[in-house]
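To start, the structure under review is shown below, and the notes come after it.
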Amino acid sequence: MKEVLLDNLFEIGDGSITPETKLGEIPDWDSMVAVNIQILLNDTFHVDLPLELLREDTLLKDLVVLMERPDKISEAVRKFRERN
Amino acid sequence: MRNSVIISTGSHLPETVVSNEDLTQFPNEAIHLIGEKTGVFFRRMASDKECTSDLAARAAIACLDKISYSPKTLEGIILATSSPDRMQPATAARVQHIIGAKRAFAFDINSVCSGSAFGIAMADALIKSGYCGNVLLVASEVYSKIMNRKDFSSYPFFGDGAGAVLFQAGGTSFKGVLHSCLRTDGSGSDTISVPAGGTMLPFARMTNSRQAFFKMKGIDVFNFAVDKGSEIILQLLKEAGVKIDDVKCFICHQANANIIHKIASILSVSTDRFFMNLSSYGNTAAASVLIALDEALSTGVVKKGNLIVTVAFGGGLSWGANLIRI
């Protein structure tokens, strides 16, 4: 995941991305970049992640979990909607 | 002193219309963001066979034909583009050949989306200095071929197109280009760029295919455009001693409807006085102001005798504005 993001999206140093990094901490983060991440994850991992899970407070480690366990996406969406 | 008077304008937009919904490479749930974030709903796209000089030549011919002006009498051609046919030679050279302007010298300028402002100032300088009796300024862009079609942060905003303006030396100081302001801040040269393909990063040293495509830092560009776009208009009017209320129409670079609304708000000018056509054509980079000017004149929004301000901002970073009496 880290390599994919570093290679494809961000002009930041290797040490800047950790599992605790929030998407909102990515340079130039905005809702358009969120769509680019959605496309990238789909192209790379073939996982269709809803845009509502790609928020500025989403942690990269949470995305890793969903890439490894796409069956958890529906549950994550449900929890997100309950919280909001 | 003789002035540079606009005696004709023209434009050319490729036939193919692409709506936001046609951009099926993007997730359906994200499509609404394009209109919301930019005000762009359609754009034109050049065919596989068309390049920047083809669009430029058609805009140039439209401009000349409108007043039955022979291309053989042209003395100079300036082409503003940031999506040239090739690294070299100048795209303007092919335009000169296609339209049959055998007497005219021709060269490119690349001020990215500010190309119109810089081009108008250069055409004006060539005429005011006495070097030329006329200059054809053309701005042409085919961004669809320099962009990553999967980059949602840039691809949906842009469109292809070309505009042209014919300037001729006039005897009165009341008409034509009255004043120009140009600015550059090279510290922002990485904010908008096509990283690879030049001497800084030759294609052979690319580490990622994305480096061959246009990229921009969206939020930085938005803030820059709003700040500098409004600032340069005020500077232009101050230097020219003109009141903002005397300006009939502002023809702003058609980058983003929200940028134009913000600039209008800062200037306390009604958005109605800002000509907009970006919902139909998207951001056509250097060409946008000249296409808008041609449309504003052909639809009667701007008429002979009107005082207008053209303003543009873009890569470089660069920005500029021109005060023109039509």
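Lettering and numbering for the structure tokens are positional, with chains as A, B, ... in the shown order, residues counted from 1 in each chain, and ligands counted from 1 in the shown order.
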Checklist entry - Please, which residues of chain B lie no more than 12 Å from chain A when the count uses only C-alpha atoms, and can they be set out as a ChimeraX atom specification? => result /B:24-38,148-157,190-191,207-211,215-222
Next on the checklist: I want to know what sits within 9 Å of region 117-126 of chain B, based on only C-alpha atoms, with residues of the same chain fewer than 6 positions away left out; could you give that as a PyMOL selection string?
Outcome noted: chain B and resi 3-5+76-80+109-111+132-139+165+167+169+176-177+179-182+286+289+310-313+319-322
Let's have the selection written as an mmCIF file, in the first residue's frame, with N, CA and C atoms.
data_model
loop_
_atom_site.group_PDB
_atom_site.id
_atom_site.type_symbol
_atom_site.label_atom_id
_atom_site.label_comp_id
_atom_site.auth_asym_id
_atom_site.auth_seq_id
_atom_site.Cartn_x
_atom_site.Cartn_y
_atom_site.Cartn_z
ATOM 1 N N ASN B 3 -1.790 53.043 -31.667
ATOM 2 C CA ASN B 3 -2.284 51.989 -30.796
ATOM 3 C C ASN B 3 -2.465 50.678 -31.548
ATOM 4 N N SER B 4 -2.609 49.592 -30.788
ATOM 5 C CA SER B 4 -2.872 48.281 -31.385
ATOM 6 C C SER B 4 -4.359 48.018 -31.262
ATOM 7 N N VAL B 5 -5.037 48.106 -32.381
ATOM 8 C CA VAL B 5 -6.502 48.004 -32.384
ATOM 9 C C VAL B 5 -6.923 46.597 -32.801
ATOM 10 N N GLY B 76 3.259 39.535 -38.547
ATOM 11 C CA GLY B 76 3.760 38.742 -37.427
ATOM 12 C C GLY B 76 2.680 37.831 -36.877
ATOM 13 N N ILE B 77 3.080 36.639 -36.466
ATOM 14 C CA ILE B 77 2.142 35.694 -35.825
ATOM 15 C C ILE B 77 2.750 35.266 -34.497
ATOM 16 N N ILE B 78 1.985 35.451 -33.444
ATOM 17 C CA ILE B 78 2.390 34.957 -32.123
ATOM 18 C C ILE B 78 1.433 33.839 -31.750
ATOM 19 N N LEU B 79 1.974 32.701 -31.380
ATOM 20 C CA LEU B 79 1.120 31.594 -30.933
ATOM 21 C C LEU B 79 1.392 31.331 -29.460
ATOM 22 N N ALA B 80 0.363 31.496 -28.643
ATOM 23 C CA ALA B 80 0.470 31.165 -27.223
ATOM 24 C C ALA B 80 -0.018 29.734 -27.036
ATOM 25 N N ILE B 109 4.928 31.547 -27.697
ATOM 26 C CA ILE B 109 5.213 31.915 -26.314
ATOM 27 C C ILE B 109 4.506 30.896 -25.424
ATOM 28 N N ASN B 110 5.160 30.542 -24.332
ATOM 29 C CA ASN B 110 4.556 29.599 -23.394
ATOM 30 C C ASN B 110 4.475 30.238 -22.023
ATOM 31 N N SER B 111 3.344 30.805 -21.725
ATOM 32 C CA SER B 111 3.081 31.310 -20.374
ATOM 33 C C SER B 111 1.919 30.526 -19.782
ATOM 34 N N CYS B 132 5.920 46.262 -36.350
ATOM 35 C CA CYS B 132 4.889 45.608 -37.165
ATOM 36 C C CYS B 132 3.711 46.547 -37.375
ATOM 37 N N GLY B 133 3.082 46.390 -38.529
ATOM 38 C CA GLY B 133 1.837 47.108 -38.778
ATOM 39 C C GLY B 133 0.627 46.296 -38.357
ATOM 40 N N ASN B 134 0.824 44.990 -38.279
ATOM 41 C CA ASN B 134 -0.250 44.116 -37.786
ATOM 42 C C ASN B 134 0.380 42.873 -37.164
ATOM 43 N N VAL B 135 -0.350 42.277 -36.234
ATOM 44 C CA VAL B 135 0.094 41.030 -35.599
ATOM 45 C C VAL B 135 -1.137 40.161 -35.356
ATOM 46 N N LEU B 136 -1.030 38.907 -35.741
ATOM 47 C CA LEU B 136 -2.091 37.951 -35.426
ATOM 48 C C LEU B 136 -1.677 37.163 -34.195
ATOM 49 N N LEU B 137 -2.458 37.311 -33.147
ATOM 50 C CA LEU B 137 -2.219 36.525 -31.924
ATOM 51 C C LEU B 137 -3.173 35.338 -31.937
ATOM 52 N N VAL B 138 -2.605 34.155 -31.824
ATOM 53 C CA VAL B 138 -3.419 32.934 -31.753
ATOM 54 C C VAL B 138 -3.053 32.219 -30.455
ATOM 55 N N ALA B 139 -4.041 31.649 -29.801
ATOM 56 C CA ALA B 139 -3.775 30.806 -28.627
ATOM 57 C C ALA B 139 -4.477 29.490 -28.871
ATOM 58 N N VAL B 165 -6.890 36.703 -32.362
ATOM 59 C CA VAL B 165 -7.194 38.139 -32.393
ATOM 60 C C VAL B 165 -6.226 38.801 -33.368
ATOM 61 N N PHE B 167 -4.562 42.191 -34.476
ATOM 62 C CA PHE B 167 -4.272 43.567 -34.070
ATOM 63 C C PHE B 167 -3.692 44.325 -35.260
ATOM 64 N N ALA B 169 -2.172 48.408 -36.400
ATOM 65 C CA ALA B 169 -1.810 49.746 -35.925
ATOM 66 C C ALA B 169 -2.934 50.721 -36.237
ATOM 67 N N GLY B 176 -8.134 50.309 -28.709
ATOM 68 C CA GLY B 176 -7.099 49.297 -28.735
ATOM 69 C C GLY B 176 -6.567 48.954 -27.357
ATOM 70 N N VAL B 177 -5.360 48.380 -27.335
ATOM 71 C CA VAL B 177 -4.757 47.983 -26.062
ATOM 72 C C VAL B 177 -4.243 49.249 -25.368
ATOM 73 N N HIS B 179 -3.375 49.420 -21.905
ATOM 74 C CA HIS B 179 -2.368 49.160 -20.877
ATOM 75 C C HIS B 179 -2.311 47.658 -20.592
ATOM 76 N N SER B 180 -1.141 47.192 -20.177
ATOM 77 C CA SER B 180 -0.988 45.780 -19.782
ATOM 78 C C SER B 180 -0.137 45.688 -18.529
ATOM 79 N N CYS B 181 -0.411 44.700 -17.700
ATOM 80 C CA CYS B 181 0.433 44.377 -16.536
ATOM 81 C C CYS B 181 0.769 42.888 -16.604
ATOM 82 N N LEU B 182 2.029 42.567 -16.492
ATOM 83 C CA LEU B 182 2.459 41.165 -16.522
ATOM 84 C C LEU B 182 3.289 40.859 -15.289
ATOM 85 N N ALA B 286 -4.328 28.624 -22.332
ATOM 86 C CA ALA B 286 -4.014 29.929 -22.942
ATOM 87 C C ALA B 286 -5.113 30.417 -23.869
ATOM 88 N N VAL B 289 -9.180 32.899 -22.879
ATOM 89 C CA VAL B 289 -9.548 34.319 -22.937
ATOM 90 C C VAL B 289 -9.873 34.729 -24.379
ATOM 91 N N THR B 310 -9.033 42.041 -19.849
ATOM 92 C CA THR B 310 -8.755 40.610 -19.964
ATOM 93 C C THR B 310 -7.735 40.262 -18.882
ATOM 94 N N VAL B 311 -7.929 39.140 -18.239
ATOM 95 C CA VAL B 311 -7.035 38.757 -17.140
ATOM 96 C C VAL B 311 -6.826 37.247 -17.175
ATOM 97 N N ALA B 312 -5.582 36.836 -16.944
ATOM 98 C CA ALA B 312 -5.271 35.403 -16.993
ATOM 99 C C ALA B 312 -4.177 35.076 -15.972
ATOM 100 N N PHE B 313 -4.146 33.817 -15.571
ATOM 101 C CA PHE B 313 -3.198 33.370 -14.537
ATOM 102 C C PHE B 313 -2.913 31.897 -14.776
ATOM 103 N N TRP B 319 0.966 35.651 -14.332
ATOM 104 C CA TRP B 319 -0.362 36.246 -14.413
ATOM 105 C C TRP B 319 -0.255 37.613 -15.085
ATOM 106 N N GLY B 320 -1.362 38.052 -15.628
ATOM 107 C CA GLY B 320 -1.327 39.335 -16.320
ATOM 108 C C GLY B 320 -2.723 39.811 -16.667
ATOM 109 N N ALA B 321 -2.809 41.089 -17.014
ATOM 110 C CA ALA B 321 -4.097 41.680 -17.382
ATOM 111 C C ALA B 321 -3.878 42.760 -18.436
ATOM 112 N N ASN B 322 -4.906 42.982 -19.241
ATOM 113 C CA ASN B 322 -4.834 43.979 -20.315
ATOM 114 C C ASN B 322 -6.110 44.817 -20.305
#
Next on the checklist: Can you tell me, as a list in words, which residues in region 225-291 of chain B count as strand (DSSP E) by DSSP?
Outcome noted: Cys249, Phe250, Ile251, Cys252, Phe274 and Phe275 of chain B
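Those residues that approach region 194-203 of chain B to within 8 Å, counting only C-alpha atoms, are B:Ile192, B:Arg205, B:Met206, B:Gln211, B:Ala212, B:Phe213, B:Phe214, B:Lys215; same-chain residues fewer than 2 positions away are not listed.
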Item to check | Atom-to-atom span, CA of Ile232 (chain B) and CA of His261 (chain B), Å | outcome: 15.9 Å
Checklist entry - Of the candidates A:Arg83, A:Arg78, A:Leu41, A:Gly24, which shows the shortest atom-to-atom distance to Leu66 (chain A), using only C-alpha atoms? => result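 Distance minimum relative to Leu66 (chain A) lands on A:Leu41.
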Next on the checklist: Quick check for you: according to DSSP on this backbone, which residues of region 57-125 of chain B are classed as helix (DSSP H, G or I)? Reply as a ChimeraX atom specification.
Outcome noted: /B:57-65,71-73,91-99,112-125
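Near Gln254 (chain B), within 7 Å and counting only C-alpha atoms, sit Cys252, Asn256, Met276, Leu278, Asn283, Ser288 and Val289 of chain B, not including residues fewer than 2 positions from it in the same chain.
Using only C-alpha atoms, the contacts of Glu68 (chain A) at a cut-off of 9 Å, with sequence neighbours closer than 4 positions omitted, comprise Phe45, Leu63 and Val64 of chain A.
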Dump C-alpha atoms for the selected residues as a JSON list (two decimals), in the first residue's frame?
[["chain", "number", "residue", "atom", "x", "y", "z"],
["A", 45, "PHE", "CA", -5.94, -4.03, -5.76],
["A", 63, "LEU", "CA", -7.40, 1.29, 4.17],
["A", 64, "VAL", "CA", -4.87, -1.54, 4.34]]
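Between CA of Asp294 (chain B) and CA of Phe174 (chain B) the interatomic distance comes to 20.9 Å.
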